[in-house]
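**Q** Sending over model.txt (compact mmCIF, C-alpha atoms and all ligand atoms).
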# COMPACT_ATOMS: atom_id res chain seq x y z
CA MET B 1325 -49.84 27.76 4.76
CA TRP B 1326 -46.85 28.05 7.14
CA ILE B 1327 -44.68 25.44 5.54
CA ALA B 1328 -41.82 26.45 3.22
CA ASP B 1329 -41.66 25.16 -0.35
CA ARG B 1330 -38.53 23.10 0.34
CA VAL B 1331 -40.51 20.73 2.54
CA ALA B 1332 -42.33 19.55 -0.59
CA ARG B 1333 -38.99 18.19 -1.85
CA ILE B 1334 -38.76 15.63 0.95
CA ARG B 1335 -40.96 12.87 2.33
CA PRO B 1336 -40.64 10.93 5.59
CA SER B 1337 -38.11 8.11 5.42
CA GLY B 1338 -39.61 4.76 4.43
CA VAL B 1339 -37.34 3.19 7.03
CA ARG B 1340 -39.06 5.14 9.82
CA ARG B 1341 -42.45 3.88 8.61
CA ILE B 1342 -41.31 0.28 9.13
CA PHE B 1343 -39.87 1.15 12.58
CA ASP B 1344 -43.22 2.65 13.58
CA LEU B 1345 -45.09 -0.39 12.32
CA ALA B 1346 -42.71 -2.74 14.14
CA ARG B 1347 -43.64 -1.09 17.43
CA THR B 1348 -47.32 -2.06 16.99
CA VAL B 1349 -46.80 -5.79 16.30
CA LYS B 1350 -46.34 -8.27 19.13
CA ASP B 1351 -43.17 -10.35 19.08
CA PRO B 1352 -41.94 -9.34 15.61
CA VAL B 1353 -38.70 -10.50 14.05
CA ASP B 1354 -37.13 -7.15 13.38
CA LEU B 1355 -34.47 -7.26 10.68
CA SER B 1356 -35.02 -3.67 9.64
CA ILE B 1357 -32.58 -2.08 12.08
CA GLY B 1358 -29.75 0.18 10.96
CA GLU B 1359 -27.71 0.19 14.16
CA PRO B 1360 -25.48 -2.38 15.88
CA ASP B 1361 -27.15 -4.59 18.49
CA PHE B 1362 -24.14 -4.26 20.84
CA ASP B 1363 -23.97 -1.49 23.43
CA VAL B 1364 -21.29 1.20 23.71
CA PRO B 1365 -18.19 -0.52 25.23
CA GLU B 1366 -17.99 -0.03 29.03
CA ALA B 1367 -14.66 1.84 28.92
CA LEU B 1368 -16.18 4.48 26.65
CA LYS B 1369 -19.27 4.86 28.83
CA GLU B 1370 -16.97 5.33 31.83
CA GLU B 1371 -15.05 8.06 29.99
CA ALA B 1372 -18.32 9.89 29.20
CA ILE B 1373 -19.50 9.65 32.82
CA ARG B 1374 -16.11 10.79 34.11
CA SER B 1375 -16.16 13.84 31.83
CA ILE B 1376 -19.62 14.84 33.06
CA HIS B 1377 -18.42 14.61 36.67
CA MET B 1378 -15.30 16.61 35.78
CA GLY B 1379 -17.59 19.41 34.56
CA PHE B 1380 -16.94 19.02 30.84
CA ASN B 1381 -20.49 20.13 30.14
CA LYS B 1382 -20.16 23.42 28.29
CA TYR B 1383 -19.92 24.54 24.65
CA THR B 1384 -16.90 23.26 22.79
CA PRO B 1385 -15.14 24.88 19.79
CA SER B 1386 -17.21 24.64 16.59
CA GLY B 1387 -14.69 22.43 14.82
CA GLY B 1388 -14.47 20.01 17.75
CA ILE B 1389 -12.13 19.78 20.74
CA PRO B 1390 -8.51 20.17 19.54
CA GLU B 1391 -7.30 16.87 21.02
CA LEU B 1392 -10.01 14.91 19.17
CA ARG B 1393 -9.38 16.72 15.89
CA ALA B 1394 -5.66 15.94 16.20
CA LYS B 1395 -6.32 12.32 17.09
CA VAL B 1396 -8.76 11.73 14.22
CA LEU B 1397 -6.30 13.28 11.74
CA GLN B 1398 -3.54 11.02 12.98
CA TYR B 1399 -5.89 7.99 12.90
CA LEU B 1400 -6.86 8.67 9.28
CA ARG B 1401 -3.30 9.39 8.17
CA THR B 1402 -2.07 6.06 9.54
CA LYS B 1403 -4.57 4.50 7.12
CA GLY B 1404 -2.98 6.52 4.32
CA ILE B 1405 -5.98 8.83 3.91
CA ILE B 1406 -5.05 12.21 2.46
CA CYS B 1407 -6.47 14.98 4.66
CA GLU B 1408 -5.32 18.48 5.52
CA ASP B 1409 -7.87 19.06 8.27
CA VAL B 1410 -10.86 17.55 10.05
CA ILE B 1411 -14.10 18.74 11.63
CA ILE B 1412 -16.06 16.90 14.33
CA THR B 1413 -19.77 16.82 13.36
CA PRO B 1414 -23.10 15.64 14.80
CA GLY B 1415 -22.79 12.23 13.16
CA VAL B 1416 -22.09 11.64 9.50
CA THR B 1417 -25.60 12.99 8.97
CA GLY B 1418 -24.53 16.42 10.23
CA GLY B 1419 -21.23 16.15 8.39
CA LEU B 1420 -22.93 15.46 5.06
CA LEU B 1421 -25.32 18.35 5.52
CA LEU B 1422 -22.49 20.79 6.27
CA ALA B 1423 -20.45 19.45 3.35
CA PHE B 1424 -23.33 19.85 0.90
CA MET B 1425 -24.12 23.30 2.32
CA VAL B 1426 -20.64 24.60 1.64
CA THR B 1427 -20.12 22.97 -1.77
CA LEU B 1428 -23.45 22.94 -3.66
CA ASN B 1429 -24.92 25.83 -5.56
CA PRO B 1430 -28.53 25.46 -6.75
CA GLY B 1431 -28.57 23.16 -9.79
CA ASP B 1432 -25.23 21.50 -8.98
CA GLU B 1433 -25.33 17.77 -9.52
CA VAL B 1434 -24.23 14.99 -7.17
CA ILE B 1435 -23.65 11.58 -8.72
CA ILE B 1436 -24.76 8.70 -6.49
CA PRO B 1437 -24.56 4.96 -7.25
CA ASP B 1438 -27.99 3.31 -6.99
CA PRO B 1439 -28.92 1.71 -4.53
CA TYR B 1440 -27.93 4.37 -2.01
CA PHE B 1441 -28.45 5.53 1.59
CA VAL B 1442 -31.67 7.61 1.54
CA LEU B 1443 -30.35 10.65 3.29
CA TYR B 1444 -28.00 11.61 0.40
CA GLU B 1445 -30.88 12.19 -1.98
CA TYR B 1446 -32.90 14.37 0.37
CA GLN B 1447 -30.04 16.49 1.66
CA VAL B 1448 -29.02 17.30 -1.91
CA LEU B 1449 -32.63 18.14 -2.83
CA LEU B 1450 -33.11 20.32 0.26
CA LEU B 1451 -30.15 22.44 -0.78
CA GLY B 1452 -31.42 22.87 -4.32
CA GLY B 1453 -28.92 20.42 -5.78
CA LYS B 1454 -29.76 17.58 -8.14
CA PRO B 1455 -29.04 13.94 -7.28
CA VAL B 1456 -28.07 11.96 -10.39
CA PHE B 1457 -28.17 8.21 -9.93
CA PHE B 1458 -26.32 5.52 -11.83
CA ASP B 1459 -27.23 1.88 -11.81
CA THR B 1460 -25.07 -0.74 -10.10
CA TYR B 1461 -27.49 -3.69 -10.33
CA PRO B 1462 -27.29 -6.68 -10.35
CA ASP B 1463 -23.90 -7.13 -8.63
CA PHE B 1464 -23.65 -3.56 -7.16
CA LYS B 1465 -20.26 -2.91 -8.73
CA LEU B 1466 -19.21 0.51 -10.03
CA ARG B 1467 -18.93 0.47 -13.84
CA GLU B 1468 -17.02 3.16 -15.68
CA GLU B 1469 -19.47 3.54 -18.57
CA GLU B 1470 -22.39 4.07 -16.18
CA LEU B 1471 -20.43 6.60 -14.12
CA ARG B 1472 -19.23 8.52 -17.18
CA ALA B 1473 -22.76 8.64 -18.59
CA ALA B 1474 -23.89 10.37 -15.37
CA VAL B 1475 -21.29 13.16 -15.57
CA SER B 1476 -22.50 16.52 -16.95
CA PRO B 1477 -21.12 20.08 -16.97
CA ARG B 1478 -23.10 20.65 -13.73
CA THR B 1479 -21.55 17.70 -11.84
CA LYS B 1480 -19.75 18.80 -8.69
CA VAL B 1481 -19.55 15.72 -6.50
CA ILE B 1482 -19.40 11.94 -6.83
CA LEU B 1483 -20.61 10.29 -3.63
CA ILE B 1484 -19.60 6.74 -2.79
CA ASN B 1485 -20.33 4.61 0.26
CA SER B 1486 -18.25 1.51 1.00
CA PRO B 1487 -19.02 -0.72 2.88
CA ASN B 1488 -22.43 0.06 1.49
CA ASN B 1489 -25.84 0.59 2.96
CA PRO B 1490 -28.08 -1.13 1.73
CA THR B 1491 -26.13 -3.73 -0.30
CA GLY B 1492 -23.17 -4.64 1.94
CA THR B 1493 -20.84 -4.16 -1.04
CA VAL B 1494 -17.19 -3.29 -0.43
CA TYR B 1495 -15.66 -1.71 -3.54
CA SER B 1496 -12.49 -3.22 -4.97
CA ARG B 1497 -9.28 -1.26 -5.42
CA ALA B 1498 -9.93 -1.26 -9.19
CA GLU B 1499 -13.37 0.31 -8.74
CA LEU B 1500 -11.98 3.00 -6.43
CA GLU B 1501 -9.16 3.74 -8.88
CA MET B 1502 -11.68 4.04 -11.70
CA VAL B 1503 -13.67 6.63 -9.71
CA ALA B 1504 -10.45 8.52 -8.89
CA ALA B 1505 -9.48 8.58 -12.58
CA VAL B 1506 -12.87 9.99 -13.65
CA ALA B 1507 -12.85 12.54 -10.80
CA THR B 1508 -9.32 13.67 -11.71
CA GLU B 1509 -10.16 14.00 -15.40
CA LYS B 1510 -13.38 15.94 -14.77
CA ASN B 1511 -12.04 17.86 -11.73
CA LEU B 1512 -14.77 16.70 -9.34
CA LEU B 1513 -15.03 16.42 -5.59
CA VAL B 1514 -15.53 12.94 -4.14
CA PHE B 1515 -17.44 12.35 -0.91
CA SER B 1516 -16.53 8.97 0.56
CA ASP B 1517 -18.87 7.78 3.30
CA ASP B 1518 -16.74 5.25 5.19
CA ILE B 1519 -18.98 4.99 8.26
CA TYR B 1520 -19.01 1.15 8.18
CA ASP B 1521 -15.23 0.88 7.70
CA ARG B 1522 -14.67 -1.61 10.54
CA PHE B 1523 -17.54 -3.83 9.38
CA VAL B 1524 -15.55 -5.70 6.73
CA PHE B 1525 -15.58 -9.49 6.65
CA ASP B 1526 -13.31 -10.55 3.78
CA GLY B 1527 -10.28 -8.27 3.92
CA PRO B 1528 -9.47 -4.60 4.50
CA PRO B 1529 -11.95 -1.88 3.46
CA GLY B 1530 -9.87 0.06 0.89
CA TYR B 1531 -10.23 3.77 1.59
CA PHE B 1532 -11.02 6.03 -1.36
CA GLY B 1533 -9.36 8.93 0.47
CA THR B 1534 -5.94 7.31 -0.07
CA LEU B 1535 -6.25 7.85 -3.83
CA TYR B 1536 -7.40 11.39 -4.52
CA ASN B 1537 -6.72 14.81 -2.96
CA ASN B 1538 -10.13 16.37 -3.53
CA THR B 1539 -11.89 13.88 -1.28
CA LEU B 1540 -13.98 14.42 1.81
CA THR B 1541 -13.78 11.31 4.00
CA PHE B 1542 -16.80 10.83 6.27
CA GLY B 1543 -16.39 8.65 9.33
CA GLY B 1544 -18.26 8.15 12.51
CA PHE B 1545 -18.63 6.58 15.88
CA SER B 1546 -22.27 5.50 15.47
CA LYS B 1547 -21.63 2.12 13.89
CA ASN B 1548 -18.12 1.01 14.90
CA TRP B 1549 -18.70 1.67 18.60
CA GLY B 1550 -22.51 1.45 18.75
CA MET B 1551 -22.89 5.14 19.67
CA THR B 1552 -25.76 6.02 17.34
CA GLY B 1553 -27.53 8.06 20.02
CA TRP B 1554 -24.47 10.12 20.92
CA ARG B 1555 -24.43 11.90 17.56
CA ILE B 1556 -20.79 12.21 16.72
CA GLY B 1557 -18.79 11.79 13.53
CA PHE B 1558 -16.12 13.55 11.51
CA VAL B 1559 -15.26 14.80 8.04
CA ALA B 1560 -11.69 15.13 6.80
CA GLY B 1561 -10.30 16.64 3.63
CA PRO B 1562 -9.01 19.82 2.00
CA LYS B 1563 -8.52 22.67 4.50
CA GLU B 1564 -10.51 25.20 2.46
CA ILE B 1565 -13.64 23.03 2.63
CA ILE B 1566 -13.21 22.05 6.29
CA ASP B 1567 -12.73 25.72 7.28
CA SER B 1568 -16.01 26.64 5.56
CA MET B 1569 -17.75 23.75 7.29
CA VAL B 1570 -16.51 24.96 10.70
CA THR B 1571 -17.97 28.41 9.98
CA MET B 1572 -21.22 26.82 8.81
CA GLN B 1573 -21.34 24.68 11.96
CA GLN B 1574 -21.21 27.86 14.10
CA TYR B 1575 -24.54 28.93 12.63
CA THR B 1576 -26.26 25.55 12.43
CA PHE B 1577 -25.32 22.95 15.04
CA SER B 1578 -23.02 25.29 17.03
CA ALA B 1579 -20.83 22.37 18.09
CA VAL B 1580 -20.96 18.66 18.92
CA ASN B 1581 -22.00 17.22 22.27
CA SER B 1582 -19.05 17.75 24.65
CA VAL B 1583 -19.27 14.41 26.43
CA ALA B 1584 -19.47 12.36 23.24
CA GLN B 1585 -16.26 14.02 22.06
CA LYS B 1586 -14.44 12.95 25.23
CA ALA B 1587 -15.66 9.36 24.85
CA ALA B 1588 -14.61 9.37 21.20
CA LEU B 1589 -10.96 9.85 22.17
CA PRO B 1590 -10.45 6.34 23.64
CA ALA B 1591 -12.89 4.88 21.09
CA LEU B 1592 -10.35 5.31 18.31
CA ASP B 1593 -7.92 3.03 20.19
CA TYR B 1594 -10.59 0.53 21.20
CA ASN B 1595 -10.21 -2.85 19.57
CA THR B 1596 -13.49 -3.90 17.95
CA ASP B 1597 -12.24 -7.14 16.33
CA SER B 1598 -14.39 -9.45 18.45
CA LEU B 1599 -17.52 -7.36 17.82
CA ILE B 1600 -16.86 -7.52 14.08
CA GLU B 1601 -16.10 -11.25 14.22
CA ASP B 1602 -19.60 -11.78 15.68
CA TYR B 1603 -21.01 -9.86 12.72
CA ARG B 1604 -19.04 -11.98 10.25
CA LYS B 1605 -20.72 -15.05 11.74
CA LYS B 1606 -24.11 -13.34 11.41
CA ARG B 1607 -23.35 -12.51 7.79
CA ASP B 1608 -22.44 -16.14 7.10
CA LEU B 1609 -25.54 -17.40 8.90
CA ILE B 1610 -27.99 -15.29 6.91
CA TYR B 1611 -26.23 -15.74 3.57
CA GLU B 1612 -26.04 -19.50 3.94
CA GLY B 1613 -29.61 -19.54 5.26
CA ILE B 1614 -31.20 -17.90 2.22
CA SER B 1615 -28.82 -18.09 -0.75
CA ASP B 1616 -30.30 -21.34 -2.11
CA LYS B 1617 -33.77 -19.75 -2.18
CA TYR B 1618 -33.04 -16.13 -3.19
CA ARG B 1619 -30.97 -14.42 -5.85
CA VAL B 1620 -28.47 -12.61 -3.64
CA VAL B 1621 -24.93 -11.22 -3.66
CA LYS B 1622 -22.86 -12.18 -0.61
CA PRO B 1623 -22.25 -8.96 1.35
CA LYS B 1624 -18.61 -8.24 2.20
CA GLY B 1625 -19.30 -5.50 4.75
CA ALA B 1626 -21.75 -3.35 6.76
CA TYR B 1627 -24.62 -5.42 8.22
CA TYR B 1628 -27.10 -5.64 5.40
CA ILE B 1629 -27.95 -8.21 2.76
CA PHE B 1630 -29.93 -7.12 -0.29
CA PRO B 1631 -31.64 -10.04 -2.05
CA GLU B 1632 -34.01 -9.86 -5.00
CA ALA B 1633 -37.60 -10.31 -3.86
CA PRO B 1634 -39.44 -13.34 -5.25
CA GLY B 1635 -41.46 -12.05 -8.21
CA GLY B 1636 -39.26 -8.94 -8.42
CA ASP B 1637 -41.57 -6.72 -6.35
CA GLY B 1638 -39.90 -5.75 -3.07
CA ASP B 1639 -42.81 -3.57 -1.91
CA ALA B 1640 -45.32 -6.43 -2.22
CA PHE B 1641 -42.86 -8.86 -0.63
CA VAL B 1642 -42.36 -6.64 2.43
CA GLU B 1643 -46.13 -6.60 2.96
CA ARG B 1644 -46.14 -10.40 2.90
CA ALA B 1645 -43.19 -10.49 5.31
CA ILE B 1646 -44.92 -8.10 7.74
CA LYS B 1647 -47.98 -10.39 7.77
CA SER B 1648 -45.57 -13.13 8.92
CA LYS B 1649 -44.19 -10.74 11.60
CA LEU B 1650 -40.89 -10.22 9.78
CA PHE B 1651 -39.77 -6.59 9.42
CA ILE B 1652 -37.47 -5.79 6.54
CA ILE B 1653 -37.18 -2.71 4.32
CA PRO B 1654 -38.34 -2.46 0.71
CA GLY B 1655 -35.47 -1.79 -1.69
CA SER B 1656 -37.50 1.06 -3.22
CA VAL B 1657 -36.59 3.14 -0.14
CA PHE B 1658 -32.96 3.08 -1.35
CA SER B 1659 -33.34 2.91 -5.09
CA LEU B 1660 -35.14 3.90 -8.26
CA LYS B 1661 -35.92 0.18 -8.56
CA LYS B 1662 -38.22 -1.83 -6.34
CA SER B 1663 -36.97 -5.31 -7.14
CA HIS B 1664 -35.01 -5.97 -3.92
CA VAL B 1665 -35.37 -5.83 -0.14
CA ARG B 1666 -32.90 -4.85 2.60
CA ILE B 1667 -32.44 -7.29 5.44
CA SER B 1668 -30.33 -6.19 8.39
CA PHE B 1669 -28.35 -8.74 10.38
CA ALA B 1670 -27.66 -6.25 13.20
CA ALA B 1671 -29.78 -8.50 15.41
CA SER B 1672 -29.43 -11.43 17.80
CA LEU B 1673 -28.57 -14.85 16.40
CA SER B 1674 -32.01 -16.11 17.44
CA ALA B 1675 -33.76 -13.27 15.61
CA ILE B 1676 -31.69 -13.97 12.49
CA GLN B 1677 -32.53 -17.67 12.73
CA ARG B 1678 -36.25 -16.95 13.06
CA GLY B 1679 -35.98 -14.50 10.16
CA ILE B 1680 -34.32 -17.13 7.97
CA GLY B 1681 -37.16 -19.54 8.73
CA ILE B 1682 -39.78 -16.98 7.67
CA LEU B 1683 -37.82 -15.98 4.56
CA ARG B 1684 -37.53 -19.62 3.48
CA ASP B 1685 -41.28 -20.10 3.94
CA LEU B 1686 -42.01 -16.97 1.89
CA ALA B 1687 -39.65 -17.82 -1.02
N1 LIG Q 1701 -24.06 6.94 6.28
C1 LIG Q 1701 -24.59 5.72 6.12
C2 LIG Q 1701 -24.24 4.93 4.92
C3 LIG Q 1701 -25.49 5.21 7.07
O1 LIG Q 1701 -26.02 3.99 6.89
C4 LIG Q 1701 -25.83 6.00 8.20
C5 LIG Q 1701 -26.79 5.51 9.21
O2 LIG Q 1701 -27.53 4.59 9.02
C6 LIG Q 1701 -25.25 7.27 8.31
C7 LIG Q 1701 -24.37 7.70 7.35
C8 LIG Q 1701 -25.59 8.19 9.45
O3 LIG Q 1701 -24.73 8.01 10.49
P1 LIG Q 1701 -24.63 8.97 11.77
O4 LIG Q 1701 -25.29 8.24 12.89
O5 LIG Q 1701 -23.16 9.14 11.98
O6 LIG Q 1701 -25.31 10.24 11.45
Please, can you express the file's structure as structure tokens?
Ligand code: PLP

**A**
Amino acid sequence: MWIADRVARIRPSGVRRIFDLARTVKDPVDLSIGEPDFDVPEALKEEAIRSIHMGFNKYTPSGGIPELRAKVLQYLRTKGIICEDVIITPGVTGGLLLAFMVTLNPGDEVIIPDPYFVLYEYQVLLLGGKPVFFDTYPDFKLREEELRAAVSPRTKVILINSPNNPTGTVYSRAELEMVAAVATEKNLLVFSDDIYDRFVFDGPPGYFGTLYNNTLTFGGFSKNWGMTGWRIGFVAGPKEIIDSMVTMQQYTFSAVNSVAQKAALPALDYNTDSLIEDYRKKRDLIYEGISDKYRVVKPKGAYYIFPEAPGGDGDAFVERAIKSKLFIIPGSVFSLKKSHVRISFAASLSAIQRGIGILRDLA
């Protein structure tokens, strides 16, 4: 009787359910994880500790500390990303919520390629918006006819995520240009979630924000520098939108953790090539380990592989996998379809090897 109606629009994340289950099984092979298995680099930890000792422990400005805002803007502009301003947010999660809060009126539609990161759907629903999905199976490419069919007079935003969670897809320049052409023609905003931008294994990521003015670029420190628990990210784009987000942040999150902002400054200069090279090897290991037994697209980025489940029922397959102590996520958590499963290779080489063994037995 105390709970507001909006709570009925959401349900607990299916990913969390698997995490909880994983905790109860002895010696599982956990390939369900959505965060890097490396720790925050030592130099960044030292910077955080130093800032605590220096007394940098109070509220910071709602938009973020000026030196970090300036540095992120410069960092994005050297990549050619068009952005007038930037806000520092509590992760991309917080950034997305603020962005939806300041752009969506009830009934406004957000177009999202399916499969998709779960949070998009629920944040849009919470704010009274309508997620509209378009299909990218079986190769997870963006097709113009599918995108155009999803556009309506109520469309406000197209949301893309590359490198992609859960498929590992990195969109080509042609796909990004196609989205930019549709957005220009229909005068839409584009939200580009680039949180996995350093996790690319076969060439540069290709930033959507280089192509179209009315873009919000979402980036973060959680994945590239293993700082998931520090809750820090950023959103860059048109000044009018960023200004509204700063005001909204005053009344929601207040500001971002002071210490994490200090550690984020050297993070942007920190070379992550060797960390990413390790992940390329993990990608190759799992792809080569299962591709003769499963129908699967080779992921080009992030740290997920998204094969079709034997028999085409990902939910049933995950139950079989759990019985063999392997934790993976049913594709239905990320999609209107349930044919696939998400396997994370953000794990040790030995866990990936054990996982491959179980997956081969189950095929
Ligand atoms: N966007 C995508 C595609 C993700 O996979 C995740 C985390 O899994 C996030 C955003 C959330 O990131 P953050 O930790 O910055 O809130």

**Q** Considering all atoms listed in the file, can you say which of B:Gly1557, B:Val1364, B:Lys1661, B:Ile1376 comes closest to Phe1458 in chain B?

**A**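 Distance minimum relative to Phe1458 in chain B lands on B:Lys1661.
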
**Q** Each side padded by 5 Å, which centre and which edge lengths in Å (one decimal) define the axis-aligned box around the listed atoms of range 1533-1549 of chain B? Give them as lines of an AutoDock Vina configuration file.

**A**
center_x = -14.1
center_y = 8.7
center_z = 7.0
size_x = 26.3
size_y = 25.4
size_z = 33.1

**Q** Could you tell me which of B:Val1416, B:Ala1670, B:Leu1609, B:Ile1682 comes closest to ligand LIG 1701 (chain Q) if we count all atoms listed in the file?

**A** B:Val1416

**Q** Within 7 Å of range 1477-1492 of chain B, which residues of range 1359-1470 of chain B come that close, and what is the closest atom pair and distance in Å for each? Count all atoms listed in the file and give it as JSON lines.

**A**
{"residue": "B:Asp1432", "atom": "CA", "partner": "B:Arg1478", "partner_atom": "CA", "distance": 5.3}
{"residue": "B:Glu1433", "atom": "CA", "partner": "B:Thr1479", "partner_atom": "CA", "distance": 4.4}
{"residue": "B:Val1434", "atom": "CA", "partner": "B:Val1481", "partner_atom": "CA", "distance": 4.8}
{"residue": "B:Ile1435", "atom": "CA", "partner": "B:Ile1482", "partner_atom": "CA", "distance": 4.7}
{"residue": "B:Ile1436", "atom": "CA", "partner": "B:Leu1483", "partner_atom": "CA", "distance": 5.3}
{"residue": "B:Pro1437", "atom": "CA", "partner": "B:Ile1484", "partner_atom": "CA", "distance": 6.9}
{"residue": "B:Pro1439", "atom": "CA", "partner": "B:Pro1490", "partner_atom": "CA", "distance": 6.9}
{"residue": "B:Tyr1440", "atom": "CA", "partner": "B:Asn1489", "partner_atom": "CA", "distance": 6.6}
{"residue": "B:Phe1441", "atom": "CA", "partner": "B:Asn1489", "partner_atom": "CA", "distance": 5.8}

**Q** Any idea what the distance is between CA of Arg1340 in chain B and CA of Gly1388 in chain B?

**A**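 Between these atoms lies a distance of 29.8 Å.
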
**Q** Could you name the residues that touch Asn1538 in chain B at 7 Å or less, counting only C-alpha atoms, but leaving out those on the same chain fewer than 2 positions away, as a list in words?

**A**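 Selected residues are Leu1513, Val1514, Tyr1536, Leu1540 and Pro1562 of chain B.
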
**Q** Taking only C-alpha atoms and all ligand atoms into account, list the residues no farther than 7 Å from ligand LIG 1701 (chain Q), as an NGL selection string.

**A** :B and (1358-1359 or 1414-1418 or 1441 or 1485 or 1488-1489 or 1517 or 1519 or 1544-1546 or 1552 or 1555-1557)

**Q** Pull C-alpha atoms from the residues just selected and write them as an mmCIF file, in the coordinates of the input.

**A**
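The resulting file, result.cif, is shown below:
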data_model
loop_
_atom_site.group_PDB
_atom_site.id
_atom_site.type_symbol
_atom_site.label_atom_id
_atom_site.label_comp_id
_atom_site.auth_asym_id
_atom_site.auth_seq_id
_atom_site.Cartn_x
_atom_site.Cartn_y
_atom_site.Cartn_z
ATOM 1 C CA GLY B 1358 -29.750 0.180 10.960
ATOM 2 C CA GLU B 1359 -27.710 0.190 14.160
ATOM 3 C CA PRO B 1414 -23.100 15.640 14.800
ATOM 4 C CA GLY B 1415 -22.790 12.230 13.160
ATOM 5 C CA VAL B 1416 -22.090 11.640 9.500
ATOM 6 C CA THR B 1417 -25.600 12.990 8.970
ATOM 7 C CA GLY B 1418 -24.530 16.420 10.230
ATOM 8 C CA PHE B 1441 -28.450 5.530 1.590
ATOM 9 C CA ASN B 1485 -20.330 4.610 0.260
ATOM 10 C CA ASN B 1488 -22.430 0.060 1.490
ATOM 11 C CA ASN B 1489 -25.840 0.590 2.960
ATOM 12 C CA ASP B 1517 -18.870 7.780 3.300
ATOM 13 C CA ILE B 1519 -18.980 4.990 8.260
ATOM 14 C CA GLY B 1544 -18.260 8.150 12.510
ATOM 15 C CA PHE B 1545 -18.630 6.580 15.880
ATOM 16 C CA SER B 1546 -22.270 5.500 15.470
ATOM 17 C CA THR B 1552 -25.760 6.020 17.340
ATOM 18 C CA ARG B 1555 -24.430 11.900 17.560
ATOM 19 C CA ILE B 1556 -20.790 12.210 16.720
ATOM 20 C CA GLY B 1557 -18.790 11.790 13.530
#

**Q** What is the CA of Phe1558 in chain B to CA of Val1570 in chain B distance in Å?

**A**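 Going from CA of Phe1558 in chain B over to CA of Val1570 in chain B, I get 11.4 Å.
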
**Q** Considering all atoms listed in the file, state which residue in the set B:Ser1582, B:Ser1386, B:Ser1648, B:Ser1375 is at the smallest distance from Ile1411 in chain B.

**A**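 Comparing B:Ser1582, B:Ser1386, B:Ser1648, B:Ser1375 against Ile1411 in chain B, the winner is B:Ser1386.
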
**Q** Please write as a VMD selection string the list of polymer residues whose atoms come within 12 Å of (-41.3, -9.2, 9.1), counting all atoms listed in the file and keeping to the coordinates of the file.

**A** chain B and resid 1342 to 1343 1345 to 1347 1349 to 1357 1641 to 1654 1665 to 1668 1675 to 1676 1678 to 1683 1686
